[in-house]
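To keep things clear, I will list the structure first and then write my remarks on it.
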Amino acid sequence: MEIKKFTLLGKMAKNTDNKRIAVKHVRDKAKSAYEKKDHCHICGTGQDLELHHTHSITLLLNLWSQRKGYDISTDTGILAVRDEFIQEHHKEIYDDVYTLCNPHHVQLHGVYGKAPALGTAQKQSSWIEKQRAKCAGEVAEKKPTNFGSFAKFY
Ligand SMILES: [Zn+2]
Ligand SMILES: [Zn+2]
């Protein structure tokens with residue numbers, strides 16, 4: 001495969017494109033089983049609803065295919081292992097999902113980035129629950145501390 005080293009740059013660019021396509025293949029397959037709720041988990045609106053995975057499917061797929069040594073840079077490559085990926089990530093794909101309205105979805109990614117690091121899944125859930133509590137006008141689980149008796153006067 002002499003040609004490989006000469007086309008490395010081109011191949012890398014191509015791989016990036018194809019990885020995006022690979023995720024799309026996974027989403028297409030898994031979509032039918034997604035349970036999109038009829039309201040935003042945070043504010044309860046029924047408009048502009050989107051699904052948010054607390055585990056970035058893109059990052060999961062890239063990590064997984066690298067670990068397994070799978071080539072997902074082609075349609076054939078990803079289609080051959082797609083079911084296996086979905087099977088091994090059932091919780092991340094189907095359970096660790098929130099229905100959010102577009103503004104709250106955008107807000108979350110503003111805090112955690114476009115593809116949130118996989119280690120932040122728990123933090124994202126806490127963040128979502130905190131926003132939900134705020135919207136409901138409830139007191140967030142964490143009581144303000146060190147305000148002492150002044151708290152009631154502001
Ligand atoms: Zn919302
Ligand atoms: Zn999202």
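Here, A, B, ... name the chains of the structure tokens in the order displayed, residue numbers run from 1 inside each chain, and ligands are numbered from 1 in the same displayed order.
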Restrict the calculation to only C-alpha atoms and all ligand atoms, then for each residue of chain A with any atom at most 8 Å from an atom of ligand 2 give the closest atom pair and their distance in Å to one decimal, rows by chain and rising residue number, as CSV.
```
residue,atom,partner,partner_atom_place_in_ligand_line,distance
A:Glu50,CA,ligand 2,1 (Zn),7.9
A:Leu51,CA,ligand 2,1 (Zn),6.4
A:His52,CA,ligand 2,1 (Zn),3.7
A:His53,CA,ligand 2,1 (Zn),5.6
A:Thr54,CA,ligand 2,1 (Zn),7.1
A:Ser56,CA,ligand 2,1 (Zn),7.7
A:His105,CA,ligand 2,1 (Zn),5.9
A:Val106,CA,ligand 2,1 (Zn),7.6
A:Leu108,CA,ligand 2,1 (Zn),7.4
A:His109,CA,ligand 2,1 (Zn),6.4
A:Lys114,CA,ligand 2,1 (Zn),7.7
A:Ala115,CA,ligand 2,1 (Zn),7.9
```
Could those residues be written to a file, using C-alpha atoms, as a compact mmCIF listing (two decimals), in the first residue's frame?
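Ended up saving to result33.txt:
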```
# COMPACT_ATOMS: atom_id res chain seq x y z
CA GLU A 50 -34.75 17.81 20.20
CA LEU A 51 -32.99 14.83 21.71
CA HIS A 52 -29.83 15.17 23.73
CA HIS A 53 -27.49 12.29 24.51
CA THR A 54 -25.41 12.90 27.61
CA SER A 56 -21.76 12.05 22.69
CA HIS A 105 -30.44 22.17 24.09
CA VAL A 106 -28.36 25.05 22.72
CA LEU A 108 -26.53 22.94 27.40
CA HIS A 109 -24.05 22.69 24.55
CA LYS A 114 -20.44 20.83 20.91
CA ALA A 115 -19.40 17.28 21.71
```
So that I can check the surroundings of Ser65 (chain A), please list as a short mmCIF file (atom, residue, chain, number, x, y, z; two decimals) with C-alpha atoms, in the first residue's frame every protein, DNA and RNA residue that reaches within 9 Å of it, counting only C-alpha atoms and ignoring chain neighbours fewer than 6 positions away.
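Everything below was put into around20.cif:
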```
data_model
loop_
_atom_site.label_atom_id
_atom_site.label_comp_id
_atom_site.auth_asym_id
_atom_site.auth_seq_id
_atom_site.Cartn_x
_atom_site.Cartn_y
_atom_site.Cartn_z
CA ASP A 71 -12.53 0.82 10.01
CA ILE A 72 -15.64 2.98 9.92
CA VAL A 81 -20.47 -3.00 12.71
CA PHE A 85 -22.15 -0.72 18.35
#
```
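Closest approach to ligand 1 among A:Asp48, A:Asp95, A:Glu35, A:Asp28 is made by A:Asp48 (distances from only C-alpha atoms and all ligand atoms).
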Each residue of region 107-130 of chain A lying at most 12 Å from region 37-45 of chain A should get a row with its shortest atom-to-atom pair and the distance in Å to one decimal, counting only C-alpha atoms; could you produce that, ordered by chain and increasing number, as CSV?
```
residue,atom,partner,partner_atom,distance
A:Gln107,CA,A:Ile42,CA,11.3
A:Leu108,CA,A:Ile42,CA,10.9
A:Ser125,CA,A:His41,CA,10.8
A:Ser126,CA,A:Ile42,CA,11.5
A:Trp127,CA,A:Ile42,CA,10.0
A:Ile128,CA,A:Ile42,CA,6.6
A:Glu129,CA,A:Ile42,CA,7.2
A:Lys130,CA,A:Ile42,CA,8.6
```
Residues just named, written with C-alpha atoms as an mmCIF file, in the first residue's frame:
```
data_model
loop_
_atom_site.group_PDB
_atom_site.id
_atom_site.type_symbol
_atom_site.label_atom_id
_atom_site.label_comp_id
_atom_site.auth_asym_id
_atom_site.auth_seq_id
_atom_site.Cartn_x
_atom_site.Cartn_y
_atom_site.Cartn_z
ATOM 1 C CA GLN A 107 -27.806 26.335 26.253
ATOM 2 C CA LEU A 108 -26.531 22.943 27.398
ATOM 3 C CA SER A 125 -27.705 15.282 34.052
ATOM 4 C CA SER A 126 -27.239 17.318 37.222
ATOM 5 C CA TRP A 127 -27.195 20.520 35.195
ATOM 6 C CA ILE A 128 -30.412 19.542 33.439
ATOM 7 C CA GLU A 129 -32.143 18.701 36.711
ATOM 8 C CA LYS A 130 -30.971 21.983 38.201
#
```
**Request:** Give the helix (DSSP H, G or I) residues of region 31-107 of chain A, as assigned by DSSP on the backbone, as number ranges by chain.
**Result:** A: 31, 57-68, 75-88, 90-95, 102-107
Pull N, CA and C atoms from the residues just selected and write them as a compact mmCIF listing (two decimals), in the first residue's frame.
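Output below, filename part05.txt:
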```txt
# COMPACT_ATOMS: atom_id res chain seq x y z
N LYS A 31 -32.85 5.54 15.54
CA LYS A 31 -33.88 6.56 15.66
C LYS A 31 -35.27 6.01 15.98
N ILE A 57 -22.57 10.53 20.98
CA ILE A 57 -22.52 9.32 20.16
C ILE A 57 -21.29 9.36 19.24
N THR A 58 -20.95 10.54 18.77
CA THR A 58 -19.76 10.68 17.92
C THR A 58 -18.51 10.21 18.65
N LEU A 59 -18.33 10.71 19.88
CA LEU A 59 -17.14 10.33 20.65
C LEU A 59 -17.15 8.85 21.00
N LEU A 60 -18.32 8.34 21.39
CA LEU A 60 -18.43 6.93 21.74
C LEU A 60 -18.05 6.05 20.56
N LEU A 61 -18.56 6.40 19.40
CA LEU A 61 -18.34 5.60 18.20
C LEU A 61 -16.86 5.63 17.79
N ASN A 62 -16.27 6.80 17.85
CA ASN A 62 -14.86 6.91 17.48
C ASN A 62 -13.97 6.11 18.44
N LEU A 63 -14.25 6.25 19.73
CA LEU A 63 -13.48 5.54 20.75
C LEU A 63 -13.61 4.03 20.57
N TRP A 64 -14.84 3.62 20.39
CA TRP A 64 -15.16 2.20 20.27
C TRP A 64 -14.51 1.58 19.03
N SER A 65 -14.63 2.25 17.90
CA SER A 65 -14.09 1.68 16.66
C SER A 65 -12.56 1.62 16.73
N GLN A 66 -11.96 2.60 17.41
CA GLN A 66 -10.50 2.57 17.58
C GLN A 66 -10.10 1.40 18.45
N ARG A 67 -10.81 1.22 19.55
CA ARG A 67 -10.50 0.15 20.49
C ARG A 67 -10.64 -1.21 19.82
N LYS A 68 -11.68 -1.35 18.98
CA LYS A 68 -11.94 -2.63 18.33
C LYS A 68 -11.11 -2.80 17.06
N ASP A 75 -18.88 3.56 4.12
CA ASP A 75 -20.25 3.13 4.40
C ASP A 75 -20.30 1.64 4.73
N THR A 76 -19.61 0.84 3.92
CA THR A 76 -19.58 -0.60 4.13
C THR A 76 -19.02 -0.91 5.51
N GLY A 77 -17.95 -0.20 5.87
CA GLY A 77 -17.29 -0.43 7.15
C GLY A 77 -18.21 -0.17 8.32
N ILE A 78 -18.90 0.93 8.33
CA ILE A 78 -19.76 1.28 9.46
C ILE A 78 -21.01 0.40 9.47
N LEU A 79 -21.55 0.14 8.29
CA LEU A 79 -22.78 -0.67 8.25
C LEU A 79 -22.53 -2.08 8.78
N ALA A 80 -21.31 -2.57 8.59
CA ALA A 80 -20.99 -3.92 9.04
C ALA A 80 -20.96 -4.02 10.57
N VAL A 81 -20.63 -2.94 11.26
CA VAL A 81 -20.47 -3.00 12.71
C VAL A 81 -21.51 -2.18 13.46
N ARG A 82 -22.40 -1.54 12.72
CA ARG A 82 -23.38 -0.65 13.33
C ARG A 82 -24.23 -1.32 14.40
N ASP A 83 -24.77 -2.48 14.08
CA ASP A 83 -25.63 -3.19 15.04
C ASP A 83 -24.87 -3.54 16.31
N GLU A 84 -23.61 -3.94 16.12
CA GLU A 84 -22.78 -4.31 17.27
C GLU A 84 -22.57 -3.09 18.18
N PHE A 85 -22.34 -1.95 17.57
CA PHE A 85 -22.15 -0.72 18.35
C PHE A 85 -23.40 -0.38 19.14
N ILE A 86 -24.52 -0.44 18.46
CA ILE A 86 -25.79 -0.09 19.12
C ILE A 86 -26.08 -1.04 20.28
N GLN A 87 -25.82 -2.33 20.02
CA GLN A 87 -26.06 -3.35 21.03
C GLN A 87 -25.20 -3.11 22.28
N GLU A 88 -23.96 -2.72 22.07
CA GLU A 88 -23.05 -2.54 23.20
C GLU A 88 -23.20 -1.18 23.89
N HIS A 90 -26.41 0.32 24.48
CA HIS A 90 -27.86 0.49 24.60
C HIS A 90 -28.22 1.58 25.60
N LYS A 91 -27.55 1.55 26.73
CA LYS A 91 -27.85 2.52 27.79
C LYS A 91 -27.54 3.94 27.30
N GLU A 92 -26.37 4.12 26.73
CA GLU A 92 -25.95 5.46 26.30
C GLU A 92 -26.83 6.00 25.17
N ILE A 93 -27.29 5.08 24.30
CA ILE A 93 -28.06 5.53 23.13
C ILE A 93 -29.54 5.73 23.45
N TYR A 94 -30.09 4.84 24.27
CA TYR A 94 -31.54 4.88 24.49
C TYR A 94 -31.98 5.39 25.85
N ASP A 95 -31.15 5.20 26.86
CA ASP A 95 -31.58 5.57 28.21
C ASP A 95 -31.05 6.93 28.66
N ASN A 102 -35.21 23.43 21.74
CA ASN A 102 -33.99 23.92 21.10
C ASN A 102 -33.21 24.92 21.96
N PRO A 103 -33.88 25.93 22.54
CA PRO A 103 -33.12 26.88 23.36
C PRO A 103 -32.37 26.22 24.53
N HIS A 104 -33.01 25.27 25.21
CA HIS A 104 -32.33 24.61 26.33
C HIS A 104 -31.24 23.66 25.84
N HIS A 105 -31.46 23.05 24.67
CA HIS A 105 -30.44 22.17 24.09
C HIS A 105 -29.20 23.00 23.73
N VAL A 106 -29.46 24.16 23.10
CA VAL A 106 -28.36 25.05 22.72
C VAL A 106 -27.62 25.53 23.97
N GLN A 107 -28.40 25.85 25.00
CA GLN A 107 -27.81 26.34 26.25
C GLN A 107 -26.89 25.27 26.86
```
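With only C-alpha atoms as the basis for measurement, A:Lys123 is the residue among A:Lys134, A:Lys123, A:His25, A:Arg20 that approaches Val111 (chain A) most closely.
Atom pair CA of Val23 (chain A) / atom 1 (Zn, counted along the ligand's line) of ligand 1: separated by 25.3 Å.
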